[in-house]
Amino acid sequence: MTDGASEWTGHLQELRRRIIAVLVVFTAAALCAFAFSDQAAAFLLAPVSAFGVTLYTFNPAEQFTAYLQLSMWTGAAASSPFLLLQAALFVWPALRPRERRYTLAALIAVPALFFAGAAAAYWFIAPAALRFFLNFGAFDGIQPLWGFKEYLSLLYALMIAAGLFLQTPLLLLFAFAAGITTPQTVARLRPPIILLIFFAAALCTPPDVISQAALGIPLYLLFELTLAAGRLLRGPVRKGRDASPGLYPRRKQ
């Protein structure tokens with residue numbers, strides 16, 4: 001076996017070990033979540049319980065399958081930082097020093113922003129959405145009958161969507177670092193971006209100015225913080241490029 005083939009086989013074996021480690025951590029987290037599924041369900045039911053809504057199951061196995069689904073999502077969320085760590089360790093030897101610094105920052109920022117978005121969905125977006133659905137058609141005589149599993153699916157969707165939405169600043173920073181765009185270009189689009197931010201805040205909050213500002217202002221500050229971080233990031237990147245000899249170095253005089 002050649003050196004290249006043996007090296008490739010070694011990479012595959014390392015990848016296999018890391019995948020198995022992630023699956024073990026995921027399984028352990030999911031089993032722990034299932035053992036405490038009553039407490040986890042009580043926590044997830046708090047937003048709808050605040051409105052006095054009673055949830056129902058519509059077949060004998062629905063609550064059990066809902067708890068299984070809850071355990072799987074909880075296990076995925078709990079093991080996601082370990083998954084990112086294993087992915088970073090796998091590619092670490094091939095990274096340059098500057099890329100390693102970015103990777104370390106991403107290992108902290110990605111899960112932190114995701115869980116911050118999920119928390120915002122739990123505390124603010126989900127109650128606003130539930131209030132809207134309860135008030136919609138309140139005078140047509142139709143009584144709501146909500147299912148337990150369907151409510152959990154809605155809550156999961158809102159939390160995952162909010163967590164992914166807060167990854168946008170990282171994508172923007174990646175675009176700055178890769179030279180796809182610049183902070184100055186994005187800054188020129190500030191008025192429509194601000195309008196889009198507060199429009200999204202209006203959709204995700206009750207129809208009052210206080211709630212909309214409570215969500216819109218932090219999102220706007222996050223956007224400005226991303227631009228500031230992008231300007232700091234572009235400095236080292238530009239200096240590194242300027243220091244490179246280029247394809248055609250100048251001849252000595």
# chains A, B, ... in the order shown; residues from 1 in each chain; ligands from 1
$ residues_around --residues "Asn59 of chain A" --least-positions-apart "3" --cutoff "12 Å" --atoms "only C-alpha atoms" --output "compact mmCIF listing (two decimals) with N, CA and C atoms, in the first residue's frame"
# COMPACT_ATOMS: atom_id res chain seq x y z
N TYR A 56 -54.10 18.10 24.00
CA TYR A 56 -54.69 16.76 23.96
C TYR A 56 -53.83 15.84 23.10
N GLU A 62 -49.39 8.60 21.09
CA GLU A 62 -48.94 9.93 20.71
C GLU A 62 -48.03 10.56 21.76
N GLN A 63 -48.38 10.44 23.02
CA GLN A 63 -47.55 11.05 24.05
C GLN A 63 -46.18 10.38 24.12
N PHE A 64 -46.15 9.06 23.95
CA PHE A 64 -44.87 8.34 23.97
C PHE A 64 -44.00 8.78 22.79
N THR A 65 -44.57 8.85 21.59
CA THR A 65 -43.78 9.27 20.44
C THR A 65 -43.36 10.73 20.55
N ALA A 66 -44.21 11.55 21.17
CA ALA A 66 -43.83 12.95 21.38
C ALA A 66 -42.65 13.05 22.34
N GLY A 147 -53.33 19.80 19.67
CA GLY A 147 -52.67 18.54 20.02
C GLY A 147 -51.31 18.77 20.65
N PHE A 148 -50.95 17.88 21.55
CA PHE A 148 -49.68 17.98 22.26
C PHE A 148 -48.50 17.87 21.29
N LYS A 149 -48.53 16.88 20.42
CA LYS A 149 -47.42 16.66 19.50
C LYS A 149 -47.29 17.80 18.50
$ residues_around --residues "segment 163-169 of chain A" --least-positions-apart "5" --cutoff "10 Å" --atoms "only C-alpha atoms" --output "PyMOL selection string"
chain A and resi 109-121+157-158+174-175+219+222-227+229-230
$ write_last_selection --atoms "C-alpha atoms" --output "PDB file, in the first residue's frame"
ATOM      1  CA  ALA A 109     -19.998  31.702  18.538  1.00  0.00           C
ATOM      2  CA  VAL A 110     -22.038  29.113  16.617  1.00  0.00           C
ATOM      3  CA  PRO A 111     -23.610  27.293  19.605  1.00  0.00           C
ATOM      4  CA  ALA A 112     -23.871  30.511  21.637  1.00  0.00           C
ATOM      5  CA  LEU A 113     -25.819  32.300  18.906  1.00  0.00           C
ATOM      6  CA  PHE A 114     -27.973  29.251  18.199  1.00  0.00           C
ATOM      7  CA  PHE A 115     -28.999  28.804  21.827  1.00  0.00           C
ATOM      8  CA  ALA A 116     -29.560  32.559  22.154  1.00  0.00           C
ATOM      9  CA  GLY A 117     -31.926  32.415  19.183  1.00  0.00           C
ATOM     10  CA  ALA A 118     -33.702  29.357  20.594  1.00  0.00           C
ATOM     11  CA  ALA A 119     -34.126  31.134  23.939  1.00  0.00           C
ATOM     12  CA  ALA A 120     -35.545  34.208  22.194  1.00  0.00           C
ATOM     13  CA  ALA A 121     -38.034  31.973  20.363  1.00  0.00           C
ATOM     14  CA  ALA A 157     -39.676  24.804  14.398  1.00  0.00           C
ATOM     15  CA  LEU A 158     -39.674  28.290  15.937  1.00  0.00           C
ATOM     16  CA  PHE A 174     -17.286  34.763   6.592  1.00  0.00           C
ATOM     17  CA  ALA A 175     -18.207  36.782   3.498  1.00  0.00           C
ATOM     18  CA  LEU A 219     -31.103  42.652  16.285  1.00  0.00           C
ATOM     19  CA  LEU A 222     -26.107  42.778  16.499  1.00  0.00           C
ATOM     20  CA  PHE A 223     -25.978  43.946  12.886  1.00  0.00           C
ATOM     21  CA  GLU A 224     -23.842  46.972  13.807  1.00  0.00           C
ATOM     22  CA  LEU A 225     -21.595  44.769  15.953  1.00  0.00           C
ATOM     23  CA  THR A 226     -21.136  42.461  12.966  1.00  0.00           C
ATOM     24  CA  LEU A 227     -20.103  45.401  10.784  1.00  0.00           C
ATOM     25  CA  ALA A 229     -16.180  43.063  13.751  1.00  0.00           C
ATOM     26  CA  GLY A 230     -15.997  42.864   9.965  1.00  0.00           C
TER      27      GLY A 230
END
$ residues_around --residues "Ala35 of chain A" --least-positions-apart "3" --cutoff "12 Å" --atoms "only C-alpha atoms" --output "ChimeraX atom specification"
/A:28-32,38-41,67-68,70-71,74-75
$ write_last_selection --atoms "N, CA and C atoms" --output "mmCIF file, in the first residue's frame"
data_model
loop_
_atom_site.group_PDB
_atom_site.id
_atom_site.type_symbol
_atom_site.label_atom_id
_atom_site.label_comp_id
_atom_site.auth_asym_id
_atom_site.auth_seq_id
_atom_site.Cartn_x
_atom_site.Cartn_y
_atom_site.Cartn_z
ATOM 1 N N ALA A 28 -26.310 9.135 24.585
ATOM 2 C CA ALA A 28 -26.328 9.346 26.033
ATOM 3 C C ALA A 28 -27.186 10.565 26.393
ATOM 4 N N ALA A 29 -27.054 11.645 25.627
ATOM 5 C CA ALA A 29 -27.857 12.838 25.900
ATOM 6 C C ALA A 29 -29.336 12.575 25.667
ATOM 7 N N ALA A 30 -29.666 11.829 24.609
ATOM 8 C CA ALA A 30 -31.070 11.523 24.328
ATOM 9 C C ALA A 30 -31.671 10.630 25.412
ATOM 10 N N LEU A 31 -30.908 9.665 25.897
ATOM 11 C CA LEU A 31 -31.407 8.789 26.970
ATOM 12 C C LEU A 31 -31.622 9.581 28.261
ATOM 13 N N CYS A 32 -30.700 10.477 28.566
ATOM 14 C CA CYS A 32 -30.876 11.316 29.759
ATOM 15 C C CYS A 32 -32.104 12.203 29.612
ATOM 16 N N ASP A 38 -40.566 14.174 31.612
ATOM 17 C CA ASP A 38 -41.662 14.882 32.269
ATOM 18 C C ASP A 38 -41.263 16.320 32.595
ATOM 19 N N GLN A 39 -40.068 16.492 33.139
ATOM 20 C CA GLN A 39 -39.606 17.838 33.474
ATOM 21 C C GLN A 39 -39.363 18.663 32.204
ATOM 22 N N ALA A 40 -38.802 18.014 31.171
ATOM 23 C CA ALA A 40 -38.566 18.729 29.920
ATOM 24 C C ALA A 40 -39.881 19.147 29.269
ATOM 25 N N ALA A 41 -40.875 18.267 29.307
ATOM 26 C CA ALA A 41 -42.174 18.606 28.728
ATOM 27 C C ALA A 41 -42.829 19.750 29.497
ATOM 28 N N TYR A 67 -42.636 12.223 23.372
ATOM 29 C CA TYR A 67 -41.507 12.221 24.300
ATOM 30 C C TYR A 67 -40.236 11.711 23.618
ATOM 31 N N LEU A 68 -40.382 10.730 22.726
ATOM 32 C CA LEU A 68 -39.227 10.268 21.966
ATOM 33 C C LEU A 68 -38.677 11.395 21.086
ATOM 34 N N LEU A 70 -39.044 14.579 21.600
ATOM 35 C CA LEU A 70 -38.436 15.553 22.511
ATOM 36 C C LEU A 70 -37.025 15.118 22.904
ATOM 37 N N SER A 71 -36.865 13.824 23.200
ATOM 38 C CA SER A 71 -35.551 13.318 23.604
ATOM 39 C C SER A 71 -34.545 13.428 22.464
ATOM 40 N N THR A 74 -33.576 17.120 22.025
ATOM 41 C CA THR A 74 -32.733 17.531 23.146
ATOM 42 C C THR A 74 -31.342 16.923 23.034
ATOM 43 N N GLY A 75 -31.277 15.653 22.654
ATOM 44 C CA GLY A 75 -29.979 15.027 22.460
ATOM 45 C C GLY A 75 -29.183 15.682 21.350
#
$ select_by_dssp --residues "segment 44-198 of chain A" --states "helix (DSSP H, G or I)" --output "count of residues only"
121
$ residues_around --residues "segment 196-201 of chain A" --least-positions-apart "6" --cutoff "9 Å" --atoms "only C-alpha atoms" --output "ChimeraX atom specification"
/A:211-217,219-220
$ closest_residue --among "A:Leu44, A:Ala61, A:Leu173, A:Leu155" --to "Ala105 of chain A" --atoms "only C-alpha atoms"
A:Leu173
$ residues_around --residues "segment 19-22 of chain A" --least-positions-apart "5" --cutoff "10 Å" --atoms "only C-alpha atoms" --output "ChimeraX atom specification"
/A:13-14,27-28,76,79-87
$ atom_distance --atom1 "atom CA of Pro191 of chain A" --atom2 "atom CA of Gly179 of chain A"
22.7 Å
$ residues_around --residues "segment 130-141 of chain A" --least-positions-apart "3" --cutoff "8 Å" --atoms "only C-alpha atoms" --output "list in words"
Val48, Phe51, Ala126, Pro127, Pro144 and Pro206 of chain A
$ write_last_selection --atoms "C-alpha atoms" --output "compact mmCIF listing (two decimals), in the first residue's frame"
# COMPACT_ATOMS: atom_id res chain seq x y z
CA VAL A 48 -48.89 27.60 26.07
CA PHE A 51 -52.69 31.15 28.08
CA ALA A 126 -43.57 31.47 20.69
CA PRO A 127 -45.85 33.40 23.10
CA PRO A 144 -59.46 25.54 19.46
CA PRO A 206 -47.31 41.19 19.55
$ atom_distance --atom1 "atom CA of Ala228 of chain A" --atom2 "atom CA of Ala88 of chain A"
25.9 Å
